[in-house]
$ cat query.cif   # mmCIF, C-alpha atoms (C1' of nucleotides)
data_input
loop_
_atom_site.label_atom_id
_atom_site.label_comp_id
_atom_site.auth_asym_id
_atom_site.auth_seq_id
_atom_site.Cartn_x
_atom_site.Cartn_y
_atom_site.Cartn_z
CA MET A 962 41.30 134.77 121.93
CA ILE A 963 44.37 133.74 120.02
CA LYS A 964 44.00 130.26 118.60
CA THR A 965 46.58 128.85 116.24
CA ASP A 966 45.11 126.92 113.34
CA THR A 967 45.10 123.20 113.78
CA THR A 968 47.12 121.13 111.35
CA GLU A 969 43.98 119.95 109.64
CA GLN A 970 42.80 123.51 109.13
CA LYS A 971 46.18 124.44 107.70
CA ILE A 972 45.98 121.53 105.27
CA VAL A 973 42.48 122.40 104.15
CA ALA A 974 43.39 126.04 103.57
CA ALA A 975 46.53 125.12 101.66
CA ALA A 976 44.83 122.43 99.60
CA LYS A 977 42.04 124.80 98.72
CA LYS A 978 44.52 127.35 97.45
CA VAL A 979 46.56 124.89 95.41
CA PHE A 980 43.64 122.95 93.95
CA LEU A 981 41.86 126.16 92.97
CA ALA A 982 44.96 127.38 91.19
CA LYS A 983 46.08 124.15 89.52
CA GLY A 984 43.08 121.84 89.41
CA LEU A 985 43.10 118.22 90.55
CA ALA A 986 45.49 116.83 87.96
CA GLY A 987 47.84 119.82 88.06
CA ALA A 988 48.18 120.05 91.83
CA ARG A 989 51.10 118.39 93.63
CA MET A 990 50.90 117.03 97.15
CA GLN A 991 54.30 118.60 97.77
CA ASP A 992 52.92 122.02 96.81
CA ILE A 993 50.11 121.62 99.29
CA ALA A 994 52.49 120.52 102.04
CA ASP A 995 54.79 123.47 101.37
CA GLU A 996 51.87 125.89 101.31
CA ALA A 997 50.70 124.52 104.66
CA GLY A 998 54.19 124.62 106.11
CA ILE A 999 54.07 120.97 107.09
CA ASN A 1000 55.32 117.63 105.86
CA LYS A 1001 53.95 115.71 102.93
CA ALA A 1002 53.25 112.66 105.06
CA MET A 1003 50.78 114.62 107.17
CA LEU A 1004 48.47 115.01 104.20
CA HIS A 1005 48.08 111.25 104.02
CA TYR A 1006 47.75 110.96 107.76
CA TYR A 1007 44.72 113.27 107.71
CA PHE A 1008 43.18 112.46 104.33
CA ARG A 1009 44.60 109.09 103.22
CA SER A 1010 44.96 110.01 99.53
CA LYS A 1011 45.11 112.88 97.10
CA ASP A 1012 41.71 111.98 95.68
CA LYS A 1013 40.14 111.93 99.12
CA LEU A 1014 41.65 115.29 99.94
CA PHE A 1015 40.37 116.72 96.70
CA GLU A 1016 36.89 115.39 97.27
CA HIS A 1017 36.84 117.05 100.66
CA ILE A 1018 37.95 120.38 99.22
CA PHE A 1019 35.61 120.23 96.25
CA ALA A 1020 32.62 119.45 98.45
CA GLU A 1021 33.53 122.34 100.73
CA VAL A 1022 34.09 124.82 97.92
CA ALA A 1023 31.04 123.83 95.89
CA GLY A 1024 28.96 123.55 99.02
CA ALA A 1025 29.79 127.08 100.08
CA PHE A 1026 29.29 128.37 96.58
CA LEU A 1027 25.87 127.13 95.58
CA PRO A 1028 23.57 127.18 98.62
CA ARG A 1029 24.08 130.78 99.64
CA VAL A 1030 22.73 131.72 96.25
CA MET A 1031 19.75 129.49 96.46
CA THR A 1032 18.35 131.07 99.60
CA ILE A 1033 17.77 134.22 97.60
CA ILE A 1034 16.15 132.31 94.78
CA GLU A 1035 13.90 130.44 97.16
CA SER A 1036 12.65 133.54 98.96
CA ASP A 1037 9.10 134.80 98.38
CA LYS A 1038 10.07 138.23 97.11
CA PRO A 1039 8.56 139.67 93.91
CA LEU A 1040 10.33 138.47 90.78
CA PHE A 1041 12.01 141.67 89.65
CA GLU A 1042 13.24 142.50 93.12
CA LYS A 1043 14.50 138.95 93.50
CA ILE A 1044 16.48 139.21 90.29
CA GLU A 1045 18.02 142.51 91.37
CA ILE A 1046 19.07 141.21 94.74
CA PHE A 1047 20.31 137.94 93.35
CA CYS A 1048 22.60 139.46 90.73
CA SER A 1049 24.02 142.03 93.07
CA GLU A 1050 24.56 139.61 95.94
CA TYR A 1051 25.86 136.85 93.74
CA ILE A 1052 28.46 139.05 92.08
CA THR A 1053 29.47 140.43 95.45
CA GLN A 1054 29.83 136.95 96.84
CA VAL A 1055 31.82 135.53 93.95
CA MET A 1056 34.18 138.49 93.99
CA GLN A 1057 35.46 137.15 97.30
CA THR A 1058 36.59 133.95 95.55
CA PRO A 1059 36.87 134.73 91.84
CA TYR A 1060 38.66 131.48 90.95
CA VAL A 1061 35.85 129.27 92.21
CA PRO A 1062 33.58 129.35 89.14
CA ILE A 1063 36.19 128.21 86.62
CA PHE A 1064 37.42 125.64 89.11
CA ILE A 1065 33.99 124.09 89.62
CA LEU A 1066 32.98 124.22 85.97
CA ASN A 1067 36.26 122.71 84.90
CA GLU A 1068 36.22 119.82 87.34
CA ILE A 1069 32.62 119.05 86.46
CA ASN A 1070 33.57 118.90 82.80
CA ARG A 1071 36.50 116.62 83.56
CA GLN A 1072 34.37 114.15 85.49
CA PRO A 1073 30.75 114.71 84.50
CA GLU A 1074 29.47 111.27 85.42
CA ALA A 1075 31.05 111.19 88.89
CA PHE A 1076 29.82 114.68 89.67
CA ILE A 1077 26.27 114.20 88.48
CA LYS A 1078 25.97 111.02 90.49
CA LYS A 1079 27.04 112.92 93.58
CA MET A 1080 24.63 115.76 92.93
CA PHE A 1081 21.65 113.51 92.57
CA ALA A 1082 22.66 111.70 95.72
CA GLY A 1083 21.89 114.89 97.61
CA LYS A 1084 18.61 116.77 97.52
CA LYS A 1085 17.12 117.82 94.22
CA PRO A 1086 18.22 121.14 92.72
CA PRO A 1087 16.32 124.01 94.39
CA ILE A 1088 16.24 125.77 91.05
CA ASP A 1089 12.83 124.21 90.56
CA VAL A 1090 11.31 126.74 92.95
CA PHE A 1091 12.50 129.58 90.80
CA LEU A 1092 11.40 127.94 87.58
CA LYS A 1093 7.89 127.45 88.94
CA GLN A 1094 7.62 131.08 90.03
CA LEU A 1095 8.52 132.09 86.51
CA GLN A 1096 5.96 129.83 84.89
CA LYS A 1097 3.33 131.25 87.21
CA GLU A 1098 4.13 134.87 86.38
CA ILE A 1099 4.15 134.09 82.68
CA LYS A 1100 0.73 132.51 82.98
CA GLN A 1101 -0.54 135.56 84.86
CA GLY A 1102 0.74 137.72 82.04
CA ILE A 1103 3.12 139.70 84.23
CA ILE A 1104 6.18 138.92 82.15
CA LYS A 1105 6.85 137.91 78.58
CA PRO A 1106 6.77 134.21 77.79
CA ILE A 1107 10.28 132.86 78.02
CA SER A 1108 11.74 129.48 78.75
CA PRO A 1109 12.64 129.57 82.44
CA VAL A 1110 15.84 127.69 81.81
CA GLN A 1111 16.84 130.17 79.10
CA LEU A 1112 16.29 133.01 81.53
CA PHE A 1113 18.21 131.24 84.25
CA VAL A 1114 21.14 130.63 81.93
CA ASN A 1115 21.05 134.29 80.89
CA ILE A 1116 21.31 135.41 84.49
CA MET A 1117 24.08 132.99 85.39
CA GLY A 1118 26.01 133.69 82.21
CA LEU A 1119 25.96 137.44 82.67
CA CYS A 1120 27.00 137.13 86.31
CA LEU A 1121 29.60 134.37 86.04
CA PHE A 1122 31.16 134.60 82.60
CA PRO A 1123 33.36 137.60 83.48
CA PHE A 1124 34.95 135.55 86.27
CA VAL A 1125 35.48 132.57 84.01
CA ALA A 1126 37.08 134.77 81.36
CA GLN A 1127 38.88 137.03 83.81
CA PRO A 1128 42.38 136.80 82.29
CA ILE A 1129 41.11 137.69 78.83
CA LEU A 1130 38.95 140.44 80.23
CA GLN A 1131 41.94 141.95 81.99
CA MET A 1132 43.79 142.08 78.71
CA MET A 1133 41.13 144.59 77.64
CA ILE A 1134 40.60 146.66 80.76
CA GLY A 1135 44.04 146.41 82.37
CA LYS A 1136 45.50 143.83 84.67
CA GLU A 1137 45.11 145.73 87.95
CA LYS A 1138 42.85 144.06 90.44
CA THR A 1139 40.99 147.32 91.08
CA LYS A 1140 40.07 147.60 87.40
CA PHE A 1141 38.42 144.22 87.47
CA GLU A 1142 36.58 145.03 90.68
CA ALA A 1143 35.27 148.29 89.27
CA PHE A 1144 34.13 146.45 86.17
CA MET A 1145 32.22 143.90 88.22
CA ASN A 1146 30.72 146.51 90.53
CA GLU A 1147 29.28 148.22 87.48
CA ARG A 1148 27.61 144.97 86.52
CA LYS A 1149 25.78 144.61 89.82
CA ALA A 1150 23.15 147.08 88.64
CA GLN A 1151 23.57 146.66 84.91
CA VAL A 1152 22.94 142.93 84.67
CA PRO A 1153 19.60 142.85 86.49
CA LYS A 1154 18.50 145.92 84.53
CA MET A 1155 19.19 144.08 81.32
CA ILE A 1156 17.53 140.88 82.47
CA ILE A 1157 14.40 142.65 83.66
CA ALA A 1158 14.18 144.69 80.46
CA SER A 1159 14.20 141.46 78.50
CA ILE A 1160 11.15 140.02 80.26
CA LYS A 1161 9.14 143.11 81.26
CA LYS A 1162 5.93 143.62 79.36
CA MET B 361 40.50 109.76 46.24
CA ILE B 362 41.05 107.51 49.21
CA LYS B 363 43.93 108.75 51.31
CA THR B 364 44.69 107.17 54.65
CA ASP B 365 45.58 109.66 57.34
CA THR B 366 49.27 110.14 57.88
CA THR B 367 50.68 109.26 61.27
CA GLU B 368 51.09 112.91 62.13
CA GLN B 369 47.46 113.59 61.31
CA LYS B 370 46.40 110.67 63.47
CA ILE B 371 48.47 112.02 66.34
CA VAL B 372 47.05 115.50 66.04
CA ALA B 373 43.48 114.22 65.95
CA ALA B 374 44.05 111.95 68.93
CA ALA B 375 45.90 114.58 70.94
CA LYS B 376 43.17 117.10 70.27
CA LYS B 377 40.57 114.71 71.58
CA VAL B 378 42.48 113.75 74.71
CA PHE B 379 43.72 117.24 75.60
CA LEU B 380 40.23 118.69 75.13
CA ALA B 381 38.79 116.06 77.43
CA LYS B 382 41.47 116.00 80.12
CA GLY B 383 43.44 119.23 79.85
CA LEU B 384 47.21 119.47 79.72
CA ALA B 385 47.97 118.16 83.20
CA GLY B 386 45.32 115.43 83.11
CA ALA B 387 46.21 114.01 79.71
CA ARG B 388 48.54 111.01 79.41
CA MET B 389 50.84 110.40 76.46
CA GLN B 390 49.78 106.77 76.59
CA ASP B 391 46.12 107.79 76.19
CA ILE B 392 46.98 109.79 73.11
CA ALA B 393 48.99 106.96 71.62
CA ASP B 394 46.16 104.50 72.25
CA GLU B 395 43.62 106.88 70.77
CA ALA B 396 45.78 107.27 67.68
CA GLY B 397 46.40 103.52 67.45
CA ILE B 398 50.15 103.95 67.44
CA ASN B 399 53.08 103.66 69.81
CA LYS B 400 53.98 106.14 72.50
CA ALA B 401 57.45 106.64 71.08
CA MET B 402 55.99 108.05 67.87
CA LEU B 403 54.59 111.00 69.74
CA HIS B 404 58.09 112.02 70.73
CA TYR B 405 59.41 111.31 67.27
CA TYR B 406 56.97 113.82 65.76
CA PHE B 407 56.64 116.38 68.55
CA ARG B 408 59.64 115.90 70.85
CA SER B 409 57.74 116.44 74.11
CA LYS B 410 54.33 116.55 75.68
CA ASP B 411 54.53 120.31 76.12
CA LYS B 412 55.45 120.82 72.46
CA LEU B 413 52.57 118.62 71.37
CA PHE B 414 50.20 120.53 73.60
CA GLU B 415 51.37 123.88 72.29
CA HIS B 416 50.74 122.68 68.77
CA ILE B 417 47.23 121.52 69.61
CA PHE B 418 46.38 124.61 71.62
CA ALA B 419 47.52 126.90 68.86
CA GLU B 420 45.49 124.98 66.33
CA VAL B 421 42.35 124.86 68.47
CA ALA B 422 42.52 128.45 69.63
CA GLY B 423 43.55 129.61 66.19
CA ALA B 424 40.51 128.02 64.58
CA PHE B 425 38.26 129.28 67.33
CA LEU B 426 38.92 132.98 67.54
CA PRO B 427 39.64 134.37 64.06
CA ARG B 428 36.54 133.10 62.28
CA VAL B 429 34.55 135.16 64.74
CA MET B 430 36.56 138.25 64.26
CA THR B 431 35.91 138.57 60.54
CA ILE B 432 32.28 139.18 61.37
CA ILE B 433 33.15 141.74 63.98
CA GLU B 434 35.51 143.53 61.63
CA SER B 435 33.02 143.78 58.78
CA ASP B 436 31.41 147.12 57.91
CA LYS B 437 27.82 146.01 58.48
CA PRO B 438 25.39 148.08 60.59
CA LEU B 439 25.73 147.41 64.30
CA PHE B 440 22.47 145.61 64.98
CA GLU B 441 22.80 143.39 61.96
CA LYS B 442 26.36 142.63 62.92
CA ILE B 443 25.30 141.57 66.40
CA GLU B 444 22.59 139.33 65.00
CA ILE B 445 24.90 137.62 62.56
CA PHE B 446 27.68 137.31 65.07
CA CYS B 447 25.60 135.60 67.77
CA SER B 448 23.95 133.22 65.36
CA GLU B 449 27.14 132.31 63.54
CA TYR B 450 29.19 132.07 66.68
CA ILE B 451 26.79 129.71 68.40
CA THR B 452 26.54 127.63 65.24
CA GLN B 453 30.29 127.45 65.02
CA VAL B 454 30.92 126.54 68.64
CA MET B 455 28.26 123.84 68.54
CA GLN B 456 30.62 121.93 66.25
CA THR B 457 33.20 121.80 69.05
CA PRO B 458 31.37 122.42 72.32
CA TYR B 459 34.32 121.44 74.54
CA VAL B 460 36.60 124.10 73.13
CA PRO B 461 35.47 127.09 75.24
CA ILE B 462 35.99 125.47 78.63
CA PHE B 463 39.26 124.03 77.41
CA ILE B 464 40.64 127.37 76.30
CA LEU B 465 39.38 129.31 79.29
CA ASN B 466 40.73 126.72 81.68
CA GLU B 467 44.19 126.53 80.17
CA ILE B 468 44.41 130.31 80.10
CA ASN B 469 43.53 130.41 83.76
CA ARG B 470 46.13 127.79 84.56
CA GLN B 471 48.91 129.66 82.79
CA PRO B 472 47.82 133.28 82.43
CA GLU B 473 51.29 134.75 82.08
CA ALA B 474 52.50 132.32 79.40
CA PHE B 475 49.33 132.74 77.40
CA ILE B 476 49.19 136.51 77.55
CA LYS B 477 52.79 136.72 76.43
CA LYS B 478 51.94 134.60 73.40
CA MET B 479 48.89 136.66 72.54
CA PHE B 480 50.75 139.92 72.55
CA ALA B 481 53.46 138.36 70.43
CA GLY B 482 50.88 138.08 67.68
CA LYS B 483 48.87 140.96 66.28
CA LYS B 484 46.82 143.13 68.58
CA PRO B 485 43.29 142.00 69.42
CA PRO B 486 40.91 142.95 66.61
CA ILE B 487 38.27 143.66 69.19
CA ASP B 488 39.38 147.26 69.02
CA VAL B 489 37.58 147.69 65.70
CA PHE B 490 34.32 146.70 67.29
CA LEU B 491 34.87 148.86 70.35
CA LYS B 492 35.48 151.91 68.18
CA GLN B 493 32.35 151.33 66.14
CA LEU B 494 30.40 151.26 69.38
CA GLN B 495 31.90 154.47 70.68
CA LYS B 496 31.07 156.13 67.39
CA GLU B 497 27.42 155.07 67.43
CA ILE B 498 27.06 156.15 71.03
CA LYS B 499 28.43 159.57 70.14
CA GLN B 500 26.01 159.81 67.25
CA GLY B 501 23.19 159.01 69.65
CA ILE B 502 22.13 155.88 67.81
CA ILE B 503 22.46 153.62 70.85
CA LYS B 504 22.39 154.08 74.58
CA PRO B 505 25.66 154.94 76.25
CA ILE B 506 27.24 151.75 77.47
CA SER B 507 30.78 150.65 78.16
CA PRO B 508 31.85 148.80 75.01
CA VAL B 509 33.68 146.21 77.06
CA GLN B 510 30.58 145.59 79.17
CA LEU B 511 28.57 145.03 76.03
CA PHE B 512 31.19 142.75 74.57
CA VAL B 513 31.26 140.67 77.75
CA ASN B 514 27.47 140.49 77.70
CA ILE B 515 27.50 139.09 74.18
CA MET B 516 30.26 136.59 74.84
CA GLY B 517 28.78 135.51 78.14
CA LEU B 518 25.33 134.86 76.70
CA CYS B 519 26.79 132.94 73.76
CA LEU B 520 29.50 130.96 75.53
CA PHE B 521 28.35 130.35 79.08
CA PRO B 522 25.92 127.57 78.14
CA PHE B 523 28.81 125.64 76.61
CA VAL B 524 30.99 126.17 79.64
CA ALA B 525 28.22 125.03 81.96
CA GLN B 526 26.93 122.33 79.65
CA PRO B 527 26.94 119.43 82.15
CA ILE B 528 24.98 121.42 84.71
CA LEU B 529 22.63 122.69 82.04
CA GLN B 530 21.91 119.16 80.92
CA MET B 531 20.91 118.25 84.45
CA MET B 532 18.05 120.69 83.95
CA ILE B 533 16.96 120.03 80.38
CA GLY B 534 17.92 116.38 80.02
CA LYS B 535 21.17 114.75 79.04
CA GLU B 536 20.31 113.97 75.42
CA LYS B 537 22.49 115.70 72.88
CA THR B 538 19.47 116.81 70.88
CA LYS B 539 18.02 118.63 73.89
CA PHE B 540 21.15 120.70 74.24
CA GLU B 541 21.24 121.47 70.53
CA ALA B 542 17.62 122.59 70.55
CA PHE B 543 18.36 124.78 73.54
CA MET B 544 21.26 126.44 71.77
CA ASN B 545 19.37 126.86 68.51
CA GLU B 546 16.74 128.79 70.41
CA ARG B 547 19.44 131.12 71.66
CA LYS B 548 20.64 132.04 68.18
CA ALA B 549 17.77 134.48 67.82
CA GLN B 550 17.08 135.14 71.47
CA VAL B 551 20.50 136.36 72.50
CA PRO B 552 20.90 139.07 69.85
CA LYS B 553 17.33 140.18 70.49
CA MET B 554 18.17 140.66 74.12
CA ILE B 555 21.44 142.42 73.42
CA ILE B 556 19.91 144.82 70.93
CA ALA B 557 17.00 145.58 73.24
CA SER B 558 19.47 146.57 75.91
CA ILE B 559 21.16 149.22 73.76
CA LYS B 560 18.40 150.38 71.42
CA LYS B 561 17.13 153.87 72.07
"C1'" DG C 378 50.98 113.83 115.73
"C1'" DT C 379 55.00 114.83 113.30
"C1'" DC C 380 58.94 113.90 111.12
"C1'" DT C 381 62.71 111.34 107.82
"C1'" DA C 382 63.48 107.83 104.90
"C1'" DT C 383 61.92 104.64 101.70
"C1'" DA C 384 58.86 102.03 98.97
"C1'" DT C 385 55.93 101.94 94.88
"C1'" DT C 386 53.73 103.41 91.05
"C1'" DC C 387 53.35 106.13 87.17
"C1'" DC C 388 54.81 108.68 83.28
"C1'" DG C 389 57.61 111.29 80.06
"C1'" DA C 390 61.45 110.45 77.37
"C1'" DT C 391 65.25 107.81 75.07
"C1'" DA C 392 67.99 103.83 73.03
"C1'" DG C 393 68.38 100.75 69.67
"C1'" DA C 394 66.70 96.92 66.65
"C1'" DC C 395 64.16 96.40 62.47
"C1'" DG D 59 59.26 105.52 60.34
"C1'" DT D 60 57.86 102.27 63.60
"C1'" DC D 61 58.32 99.29 67.08
"C1'" DT D 62 59.93 97.05 71.99
"C1'" DA D 63 62.33 97.66 75.93
"C1'" DT D 64 64.02 100.46 79.30
"C1'" DC D 65 65.75 104.46 81.73
"C1'" DG D 66 65.27 108.13 84.98
"C1'" DG D 67 62.70 111.18 87.41
"C1'" DA D 68 58.66 112.63 89.61
"C1'" DA D 69 54.72 111.96 92.44
"C1'" DT D 70 51.78 109.30 95.54
"C1'" DA D 71 51.87 106.64 99.36
"C1'" DT D 72 53.80 103.95 103.40
"C1'" DA D 73 57.06 102.46 107.26
"C1'" DG D 74 58.88 103.40 111.29
"C1'" DA D 75 61.50 106.35 114.64
"C1'" DC D 76 60.61 110.02 117.84
#
$ encode --input "query.cif" --output "structure tokens"
Amino acid sequence: MIKTDTTEQKIVAAAKKVFLAKGLAGARMQDIADEAGINKAMLHYYFRSKDKLFEHIFAEVAGAFLPRVMTIIESDKPLFEKIEIFCSEYITQVMQTPYVPIFILNEINRQPEAFIKKMFAGKKPPIDVFLKQLQKEIKQGIIKPISPVQLFVNIMGLCLFPFVAQPILQMMIGKEKTKFEAFMNERKAQVPKMIIASIKK
Amino acid sequence: MIKTDTTEQKIVAAAKKVFLAKGLAGARMQDIADEAGINKAMLHYYFRSKDKLFEHIFAEVAGAFLPRVMTIIESDKPLFEKIEIFCSEYITQVMQTPYVPIFILNEINRQPEAFIKKMFAGKKPPIDVFLKQLQKEIKQGIIKPISPVQLFVNIMGLCLFPFVAQPILQMMIGKEKTKFEAFMNERKAQVPKMIIASIKK
DNA sequence: GTCTATATTCCGATAGAC
DNA sequence: GTCTATCGGAATATAGAC
């Protein structure tokens, strides 16, 4: 069934592209209109203001980015297996939208107070589930004692940092897209291996 | 000897603060002038344009950020010791200016082409020295075979990611500055330990 | 809903007095 | 060198015809 995108869908897609590339302050409403192939006035008709449009996009991008990950973390799989699946799946997922991490981290840094308020308005971070599993396994003597938050940051850093530093990375390995993809594919197995080695008794 | 800052020094300090907090696109010349306690026109008198001022600041910030690290990497110390010193020193150094990593990474992502051109204009990345040392030690069978770039990204990711994700991290450990500092101090020993464990035979 | 034209605000940059 | 005042353009937002 052939269904042309609605104007609103065109706007959202265009705004997502422009905001991800330029950030809130750097993006121009004209750029978004051009990208969507419509008139500038339409943006205001559908979203009232630039800030409102950005909020919509940010919520959509961040909303699609975080939860998918958390379902893995919340599952009842054994710890090591969970770490393996998480790293592999997470890297695979982020490779679809490599600009998202730097975008989210940057906008959070630009408006920490506004963002944190919004996060706490929603449900509490599901990371707690993971942290509790860790504490339990440490107590049982299955893994080495380590601060759960330290471990969590290790995992996220090893998975996400290459995306955040992508341009610099590509100065070292070559600027072809395939080079970067091969590099990240290698990490899907390597990162969990390293993480597990660091906590295995 | 009591020496009041010159106007230029005031401008540079203020611009650094504002650009680091807001980025190039988000910063306002008026904000910088206010922060420096001078008039907006003075900014143009000393630096001609916003872009020129930003270039000056970026060069200064990035210039102070990268090279100090590289002297450690270029030294002729044994590999493991070098990794230990590097991680500890690097984290210590960045803790003085925790906003710098996200600032640099973000601006590079916003203008990859312009930045890369400027980097290649200067001397070649001294990372090569480190990469060659690794290849040598792998050949000699001292450490496990690993892609030098992968290892380098592991080190940088574990050291820098916490700074890049600082606001999110502080949602987990508490928003007090001392909490974050304690967290990072713990990493000074933990990160190199983890890195070395991953390559030791 | 969609467009053109216009209003309004904001911001980088300059002119000119001191 | 430093300021006030202002210009000119750019960017967000609105008015109003179709």
$ interface_residues --input "query.cif" --of "chain A" --to "chain C" --cutoff "9 Å" --atoms "all atoms listed in the file" --output "PyMOL selection string"
chain A and resi 999-1000+1002-1003
$ write_last_selection --input "query.cif" --atoms "C-alpha atoms" --output "PDB file, in the frame of the given file"
ATOM      1  CA  ILE A 999      54.070 120.970 107.090  1.00  0.00           C
ATOM      2  CA  ASN A1000      55.320 117.630 105.860  1.00  0.00           C
ATOM      3  CA  ALA A1002      53.250 112.660 105.060  1.00  0.00           C
ATOM      4  CA  MET A1003      50.780 114.620 107.170  1.00  0.00           C
TER       5      MET A1003
END
$ atom_distance --input "query.cif" --atom1 "CA of Leu529 (chain B)" --atom2 "CA of Val1114 (chain A)"
8.1 Å
$ atom_distance --input "query.cif" --atom1 "CA of Pro1123 (chain A)" --atom2 "CA of Leu1027 (chain A)"
17.7 Å
$ resolve_selection --input "query.cif" --expression "the PyMOL selection byres ((chain A) within 9 of (chain D))" --output "ChimeraX atom specification"
/A:989-991,1002,1005,1009-1011
$ write_last_selection --input "query.cif" --atoms "C-alpha atoms" --output "short mmCIF file (atom, residue, chain, number, x, y, z; two decimals), keeping the file's coordinate frame"
data_model
loop_
_atom_site.label_atom_id
_atom_site.label_comp_id
_atom_site.auth_asym_id
_atom_site.auth_seq_id
_atom_site.Cartn_x
_atom_site.Cartn_y
_atom_site.Cartn_z
CA ARG A 989 51.10 118.39 93.63
CA MET A 990 50.90 117.03 97.15
CA GLN A 991 54.30 118.60 97.77
CA ALA A 1002 53.25 112.66 105.06
CA HIS A 1005 48.08 111.25 104.02
CA ARG A 1009 44.60 109.09 103.22
CA SER A 1010 44.96 110.01 99.53
CA LYS A 1011 45.11 112.88 97.10
#
$ interface_residues --input "query.cif" --of "chain B" --to "chain A" --cutoff "9 Å" --atoms "only C-alpha atoms" --output "PyMOL selection string"
chain B and resi 381-387+459+462-463+465-466+468-470+472+476+485+487+509-510+513-522+524-529+531-533+543+546-547+551+553-555+557-558
$ resolve_selection --input "query.cif" --expression "the PyMOL selection byres ((chain A and resi 1105) around 6)" --output "count of residues only"
4
$ atom_distance --input "query.cif" --atom1 "CA of Ile432 (chain B)" --atom2 "CA of Ile556 (chain B)"
16.6 Å
$ axis_aligned_box --input "query.cif" --around "region 993-1003 of chain A" --padding-each-side "8 Å" --output "AutoDock Vina command-line options"
--center_x 52.7 --center_y 119.3 --center_z 103.2 --size_x 21.2 --size_y 29.2 --size_z 23.9
$ residues_near_point --input "query.cif" --point "(36.8, 133.3, 62.2)" --cutoff "12 Å" --atoms "all atoms listed in the file" --output "ChimeraX atom specification"
/B:421-435,446,449-450,453-454,486
